[in-house]
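Novice: Please see the structure below; I have some questions.
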Amino acid sequence: MQYRPIGKTGVHASILGFGCMRLPVIDGKSDQIDMEQTDELFRHAYEQGLNYFDTAYIYHGETSEAVLGRSVRSFRNKVYIATKLPPGRAQSQDDMDRLLDTQLQRLQTDYIDFYLLHSLNKGSWERLNELKVTDFLNRALDDGRIRHAAFSFHDDLATFKQIVDAYPWAFAQVQHNFLQIDYQAGSEGIAYAAERGLGIVIMEPLHGGDLARKNPATQPIWDAFPQRRTPVAWALRYLWSQPSISVVLSGMSAMSQLQENLALAKDPTISSPLTKAEKQTLAEARAALLGRTRVPCTRCGYCMPCPHGVNIPGCFDQFNKSAVFNDRASAKRRYSNFIGKEKDASKCRKCGRCLPLCPQHIDIPAVLKQVAKEFA
């Protein structure tokens, strides 16, 4: 296993971290984690040198923390646990203390190595600031309940920089992969945080598994490269070649996934700088995927709010993903789960209010009609 420092914390973490949001479950029920399989995964990961586990209050219907705590109890002091404060549950500092104490109980530990503010965006950050969340973090650091404070992030670059500069964070956790180099914080945000001494933890390295599957758009590009690699290896190679990245999280629900990722994390060549040929191959793969995009939506949100409640950027995002990843079934499932009937494309009434607002000049009502047909 290879290890890297997390910012200025003095902690050296395995470059592969275990994300505990996609653990094996029973009968497809998210809140019924298969303990036998999970114990086997966690134990094998630990025995192979993985020492970083990432969970959150809300994962798996609020069962992930308890499962992790029970499973790693015998080697708790030899691994690092990261979990997260759910901003929506915190209306006061008393709530923050209560939530943290609950998490300590669930995890069966008296300290949390890395405590993150979960999924920050401009609105949640401003609200937490009003509640003086940094005072809470300082108090939890002082009394030993947490050892380092960090944040995970889902918003634009300007908001990211504002949060980075607001507090001496241990690290920033961002969504990043070779397809989404400019998404949210993006490459520029990663460089900005790293220059200021923050560690970088990566989530969604495989874009929710989309980049792990063989794709007719990219497979010929991978196959043309002299060294044969799986799509997973290419995705992780892109990330681990960047020395500013401390940990790459992967949500592994099967032993085969864990074994593949562990083998890659142990390969010293995977973390060497990208060659010119590798950069070109990754650029071609990215262009091939983006070339399948059907709607030039940048998710700027200028079209929102829709007077009829349609989640326009969300609809377009899944419509594009259906084509980009050649996987209509997964896109339809996300469309149903994350957008829902009250905000889906069928609610468009062709009022046209959005048309003059779109910087990309998309015929939004016409495309929403296509989206509704695609996912009917």
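Each chain of the structure tokens is named A, B, ... in the order shown, its residues numbered from 1; ligands are numbered from 1 in display order.
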Restrict the calculation to only C-alpha atoms, then for each residue of region 143-196 of chain A with any atom at most 12 Å from an atom of region 220-234 of chain A give the closest atom pair and their distance in Å to one decimal, rows by chain and rising residue number, as JSON lines.
Specialist:
```
{"residue": "A:Asn177", "atom": "CA", "partner": "A:Trp234", "partner_atom": "CA", "distance": 10.3}
{"residue": "A:Phe178", "atom": "CA", "partner": "A:Trp234", "partner_atom": "CA", "distance": 8.8}
{"residue": "A:Leu179", "atom": "CA", "partner": "A:Trp234", "partner_atom": "CA", "distance": 11.4}
```
Novice: Going by DSSP on the backbone, which residues of region 112-174 of chain A come out as alpha helix (DSSP H)? List them as JSON, numbers by chain.
Specialist: {"A": [122, 123, 124, 125, 126, 127, 128, 129, 130, 133, 134, 135, 136, 137, 138, 139, 140, 141, 142, 157, 158, 159, 160, 161, 162, 163, 164]}
Novice: Deliver the residues from the most recent selection as a file, using N, CA and C atoms, as a CSV table (one decimal), in the first residue's frame.
Specialist:
```csv
chain,number,residue,atom,x,y,z
A,122,LYS,N,-23.1,27.1,-0.9
A,122,LYS,CA,-23.1,28.5,-0.5
A,122,LYS,C,-24.2,28.7,0.6
A,123,GLY,N,-25.4,28.2,0.4
A,123,GLY,CA,-26.4,28.3,1.4
A,123,GLY,C,-26.1,27.7,2.7
A,124,SER,N,-25.7,26.4,2.7
A,124,SER,CA,-25.5,25.7,4.0
A,124,SER,C,-24.3,26.3,4.7
A,125,TRP,N,-23.3,26.8,4.0
A,125,TRP,CA,-22.1,27.4,4.6
A,125,TRP,C,-22.5,28.7,5.3
A,126,GLU,N,-23.3,29.5,4.6
A,126,GLU,CA,-23.7,30.8,5.2
A,126,GLU,C,-24.6,30.5,6.5
A,127,ARG,N,-25.5,29.5,6.4
A,127,ARG,CA,-26.3,29.2,7.6
A,127,ARG,C,-25.5,28.7,8.7
A,128,LEU,N,-24.5,27.8,8.5
A,128,LEU,CA,-23.7,27.3,9.5
A,128,LEU,C,-22.8,28.4,10.1
A,129,ASN,N,-22.4,29.3,9.3
A,129,ASN,CA,-21.6,30.4,9.8
A,129,ASN,C,-22.4,31.3,10.8
A,130,GLU,N,-23.7,31.5,10.5
A,130,GLU,CA,-24.6,32.2,11.4
A,130,GLU,C,-24.7,31.5,12.7
A,133,VAL,N,-20.4,27.8,13.5
A,133,VAL,CA,-20.0,26.4,13.4
A,133,VAL,C,-18.5,26.2,13.7
A,134,THR,N,-17.7,27.2,13.4
A,134,THR,CA,-16.3,27.1,13.7
A,134,THR,C,-16.0,27.1,15.2
A,135,ASP,N,-16.8,27.8,15.9
A,135,ASP,CA,-16.7,27.8,17.4
A,135,ASP,C,-16.9,26.4,17.9
A,136,PHE,N,-18.0,25.7,17.3
A,136,PHE,CA,-18.3,24.3,17.7
A,136,PHE,C,-17.1,23.4,17.3
A,137,LEU,N,-16.5,23.6,16.1
A,137,LEU,CA,-15.4,22.8,15.7
A,137,LEU,C,-14.2,23.0,16.7
A,138,ASN,N,-13.9,24.2,17.0
A,138,ASN,CA,-12.8,24.5,17.9
A,138,ASN,C,-13.0,23.9,19.3
A,139,ARG,N,-14.3,23.9,19.8
A,139,ARG,CA,-14.6,23.3,21.1
A,139,ARG,C,-14.4,21.8,21.0
A,140,ALA,N,-14.9,21.2,19.9
A,140,ALA,CA,-14.7,19.7,19.8
A,140,ALA,C,-13.3,19.3,19.6
A,141,LEU,N,-12.5,20.1,19.0
A,141,LEU,CA,-11.0,19.9,18.9
A,141,LEU,C,-10.4,20.0,20.2
A,142,ASP,N,-10.8,21.0,21.0
A,142,ASP,CA,-10.2,21.2,22.3
A,142,ASP,C,-10.5,20.1,23.3
A,157,LEU,N,-16.7,27.2,-7.9
A,157,LEU,CA,-15.3,27.4,-7.5
A,157,LEU,C,-15.2,28.6,-6.5
A,158,ALA,N,-16.0,29.7,-6.8
A,158,ALA,CA,-15.9,30.9,-5.9
A,158,ALA,C,-16.3,30.5,-4.5
A,159,THR,N,-17.3,29.8,-4.3
A,159,THR,CA,-17.7,29.4,-3.0
A,159,THR,C,-16.7,28.5,-2.3
A,160,PHE,N,-16.1,27.6,-3.1
A,160,PHE,CA,-15.1,26.7,-2.6
A,160,PHE,C,-13.9,27.5,-2.0
A,161,LYS,N,-13.4,28.5,-2.8
A,161,LYS,CA,-12.3,29.3,-2.4
A,161,LYS,C,-12.7,30.1,-1.1
A,162,GLN,N,-13.9,30.6,-1.0
A,162,GLN,CA,-14.3,31.3,0.2
A,162,GLN,C,-14.3,30.4,1.4
A,163,ILE,N,-14.7,29.1,1.3
A,163,ILE,CA,-14.7,28.2,2.4
A,163,ILE,C,-13.3,27.8,2.8
A,164,VAL,N,-12.5,27.6,1.8
A,164,VAL,CA,-11.0,27.2,2.0
A,164,VAL,C,-10.4,28.3,2.9
```
Novice: Find the nearest atom pair between each residue of region 137-217 of chain A and region 50-56 of chain A for residues within 12 Å, count only C-alpha atoms, give distances in Å to one decimal, sort rows by chain and ascending number, and present the table as CSV.
Specialist:
```
residue,atom,partner,partner_atom,distance
A:Phe151,CA,A:Ala56,CA,11.8
A:Ser152,CA,A:Ala56,CA,10.8
A:Gln173,CA,A:Asp54,CA,10.7
A:Val201,CA,A:Asp54,CA,10.2
A:Ile202,CA,A:Asp54,CA,11.1
A:Met203,CA,A:Asp54,CA,10.0
```
Novice: Rank A:Ser71, A:Ile81, A:Thr109, A:Leu131 by their smallest atom-to-atom distance to Asp94 (chain A), using only C-alpha atoms, and report the top residue only.
Specialist: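 Among A:Ser71, A:Ile81, A:Thr109, A:Leu131, it is A:Leu131 that comes nearest to Asp94 (chain A).
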Novice: Got a sec: who's within 10 Å of region 215-217 of chain A, counting only C-alpha atoms, leaving out chain neighbours fewer than 5 positions off, as a PyMOL selection string?
Specialist: chain A and resi 210+222+231+284-292+324-327
Novice: Using the selection just defined, write its residues with N, CA and C atoms as a compact mmCIF listing (two decimals), in the first residue's frame.
Specialist:
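This is the output file result38.txt:
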```txt
# COMPACT_ATOMS: atom_id res chain seq x y z
N ASP A 210 -19.89 4.96 -13.23
CA ASP A 210 -20.06 5.11 -14.67
C ASP A 210 -18.75 4.91 -15.43
N TRP A 222 -8.86 3.19 -25.03
CA TRP A 222 -8.07 2.43 -24.05
C TRP A 222 -7.31 1.30 -24.74
N PRO A 231 -10.79 0.23 -17.41
CA PRO A 231 -11.29 1.59 -17.22
C PRO A 231 -11.07 2.10 -15.80
N GLU A 284 -8.33 12.25 -24.98
CA GLU A 284 -9.16 11.68 -26.04
C GLU A 284 -10.39 10.98 -25.46
N ALA A 285 -10.19 10.27 -24.36
CA ALA A 285 -11.32 9.57 -23.72
C ALA A 285 -12.34 10.58 -23.20
N ARG A 286 -11.85 11.63 -22.59
CA ARG A 286 -12.75 12.67 -22.09
C ARG A 286 -13.52 13.30 -23.23
N ALA A 287 -12.84 13.63 -24.32
CA ALA A 287 -13.50 14.25 -25.47
C ALA A 287 -14.53 13.30 -26.08
N ALA A 288 -14.21 12.01 -26.10
CA ALA A 288 -15.15 11.03 -26.66
C ALA A 288 -16.43 10.96 -25.84
N LEU A 289 -16.28 11.00 -24.51
CA LEU A 289 -17.46 10.97 -23.65
C LEU A 289 -18.26 12.26 -23.77
N LEU A 290 -17.58 13.39 -23.70
CA LEU A 290 -18.28 14.67 -23.80
C LEU A 290 -18.92 14.84 -25.17
N GLY A 291 -18.33 14.20 -26.18
CA GLY A 291 -18.90 14.29 -27.52
C GLY A 291 -20.25 13.62 -27.65
N ARG A 292 -20.58 12.77 -26.69
CA ARG A 292 -21.90 12.11 -26.69
C ARG A 292 -22.96 12.94 -25.96
N VAL A 324 -24.03 9.63 -22.62
CA VAL A 324 -22.58 9.65 -22.42
C VAL A 324 -22.08 8.29 -21.94
N PHE A 325 -22.81 7.68 -21.00
CA PHE A 325 -22.35 6.42 -20.42
C PHE A 325 -23.05 5.20 -21.01
N ASN A 326 -23.86 5.44 -22.05
CA ASN A 326 -24.51 4.34 -22.75
C ASN A 326 -25.29 3.45 -21.77
N ASP A 327 -26.01 4.10 -20.87
CA ASP A 327 -26.67 3.36 -19.78
C ASP A 327 -27.98 4.06 -19.42
```
Novice: Quick one: of A:Lys8, A:Arg349, A:Lys332, A:Arg76, who's nearest to Gln108 (chain A), counting only C-alpha atoms?
Specialist: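 That would be A:Arg76, the residue with the smallest distance to Gln108 (chain A).
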Novice: Select from region 260-303 of chain A every residue with an atom at most 12 Å from any atom of region 354-369 of chain A, then for each give the shortest pair of atoms and their distance in Å to one decimal, using only C-alpha atoms, rows by chain and rising number, as JSON lines.
Specialist:
```
{"residue": "A:Arg294", "atom": "CA", "partner": "A:Val367", "partner_atom": "CA", "distance": 9.4}
{"residue": "A:Val295", "atom": "CA", "partner": "A:Ile362", "partner_atom": "CA", "distance": 7.7}
{"residue": "A:Pro296", "atom": "CA", "partner": "A:Gln360", "partner_atom": "CA", "distance": 6.8}
{"residue": "A:Cys297", "atom": "CA", "partner": "A:Gln360", "partner_atom": "CA", "distance": 7.0}
{"residue": "A:Thr298", "atom": "CA", "partner": "A:Gln360", "partner_atom": "CA", "distance": 8.2}
{"residue": "A:Arg299", "atom": "CA", "partner": "A:Cys358", "partner_atom": "CA", "distance": 10.1}
{"residue": "A:Cys300", "atom": "CA", "partner": "A:Pro359", "partner_atom": "CA", "distance": 8.7}
{"residue": "A:Gly301", "atom": "CA", "partner": "A:Cys358", "partner_atom": "CA", "distance": 8.6}
{"residue": "A:Tyr302", "atom": "CA", "partner": "A:Leu357", "partner_atom": "CA", "distance": 5.9}
{"residue": "A:Cys303", "atom": "CA", "partner": "A:Cys354", "partner_atom": "CA", "distance": 4.9}
```
Novice: List as a list in words the protein and nucleic acid residues near Arg89 (chain A), meaning an atom at most 12 Å away when only C-alpha atoms are counted, but skip any in the same chain fewer than 3 places from it.
Specialist: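 Final neighbour list, sorted by chain and number: Tyr57, Ile58, Lys84, Leu85, Pro86, Ser92, Gln93, Asp94, Asp95, Met96, Asp97, Arg98, Leu99, Leu100, Leu117, His118, Ser124, Arg127 and Leu128 of chain A.
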Novice: Considering only C-alpha atoms, can you say which of A:Ala283, A:Met255, A:Ala345, A:Ala185 comes closest to Leu41 (chain A)?
Specialist: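 So, comparing all the options, the nearest one is A:Met255.
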Novice: Take CA of Gly61 (chain A) and CA of Ser30 (chain A) and report the distance between them in Å, one decimal.
Specialist: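 About the pair CA of Gly61 (chain A) and CA of Ser30 (chain A): they are 6.6 Å apart.
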Novice: Looking only at strand (DSSP E) from DSSP on the backbone, list the matching residues of region 187-338 of chain A as a PyMOL selection string.
Specialist: chain A and resi 199-203+245-250
Novice: For those residues, write N, CA and C atoms to a file as a PDB file, in the first residue's frame.
Specialist:
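In the end it all went to selection_9.pdb:
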```pdb
ATOM      1  N   GLY A 199      -4.983  19.114   2.697  1.00  0.00           N
ATOM      2  CA  GLY A 199      -5.000  17.847   1.989  1.00  0.00           C
ATOM      3  C   GLY A 199      -6.197  17.820   1.054  1.00  0.00           C
ATOM      4  N   ILE A 200      -6.182  16.899   0.112  1.00  0.00           N
ATOM      5  CA  ILE A 200      -7.294  16.742  -0.823  1.00  0.00           C
ATOM      6  C   ILE A 200      -7.759  15.295  -0.784  1.00  0.00           C
ATOM      7  N   VAL A 201      -9.041  15.109  -0.501  1.00  0.00           N
ATOM      8  CA  VAL A 201      -9.657  13.785  -0.541  1.00  0.00           C
ATOM      9  C   VAL A 201     -10.667  13.792  -1.688  1.00  0.00           C
ATOM     10  N   ILE A 202     -10.610  12.764  -2.511  1.00  0.00           N
ATOM     11  CA  ILE A 202     -11.435  12.699  -3.716  1.00  0.00           C
ATOM     12  C   ILE A 202     -12.599  11.742  -3.523  1.00  0.00           C
ATOM     13  N   MET A 203     -13.794  12.206  -3.877  1.00  0.00           N
ATOM     14  CA  MET A 203     -14.962  11.331  -3.946  1.00  0.00           C
ATOM     15  C   MET A 203     -15.421  11.237  -5.405  1.00  0.00           C
ATOM     16  N   ILE A 245      -3.187  15.126  -4.246  1.00  0.00           N
ATOM     17  CA  ILE A 245      -4.320  14.311  -3.798  1.00  0.00           C
ATOM     18  C   ILE A 245      -3.844  13.317  -2.743  1.00  0.00           C
ATOM     19  N   SER A 246      -4.446  13.404  -1.558  1.00  0.00           N
ATOM     20  CA  SER A 246      -4.033  12.555  -0.438  1.00  0.00           C
ATOM     21  C   SER A 246      -4.682  11.183  -0.498  1.00  0.00           C
ATOM     22  N   VAL A 247      -6.008  11.170  -0.623  1.00  0.00           N
ATOM     23  CA  VAL A 247      -6.780   9.929  -0.565  1.00  0.00           C
ATOM     24  C   VAL A 247      -7.829   9.950  -1.668  1.00  0.00           C
ATOM     25  N   VAL A 248      -8.010   8.813  -2.311  1.00  0.00           N
ATOM     26  CA  VAL A 248      -9.107   8.629  -3.260  1.00  0.00           C
ATOM     27  C   VAL A 248     -10.078   7.634  -2.640  1.00  0.00           C
ATOM     28  N   LEU A 249     -11.315   8.060  -2.443  1.00  0.00           N
ATOM     29  CA  LEU A 249     -12.329   7.199  -1.846  1.00  0.00           C
ATOM     30  C   LEU A 249     -12.993   6.338  -2.913  1.00  0.00           C
ATOM     31  N   SER A 250     -13.286   5.111  -2.547  1.00  0.00           N
ATOM     32  CA  SER A 250     -14.037   4.234  -3.434  1.00  0.00           C
ATOM     33  C   SER A 250     -15.072   3.495  -2.612  1.00  0.00           C
TER      34      SER A 250
END
```
Novice: Give the answer as one residue: which of A:Ile6, A:Val371, A:Ile312, A:Met252 has the shortest atom-to-atom distance to Arg22 (chain A), using only C-alpha atoms?
Specialist: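 Smallest distance to Arg22 (chain A) is found for A:Met252.
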Novice: Which polymer residues have any atom within 12 Å of an atom of Gly340 (chain A), counting only C-alpha atoms, with same-chain residues fewer than 6 positions away left out, as a PyMOL selection string?
Specialist: chain A and resi 309-311+314-315+332-334+346-347+375
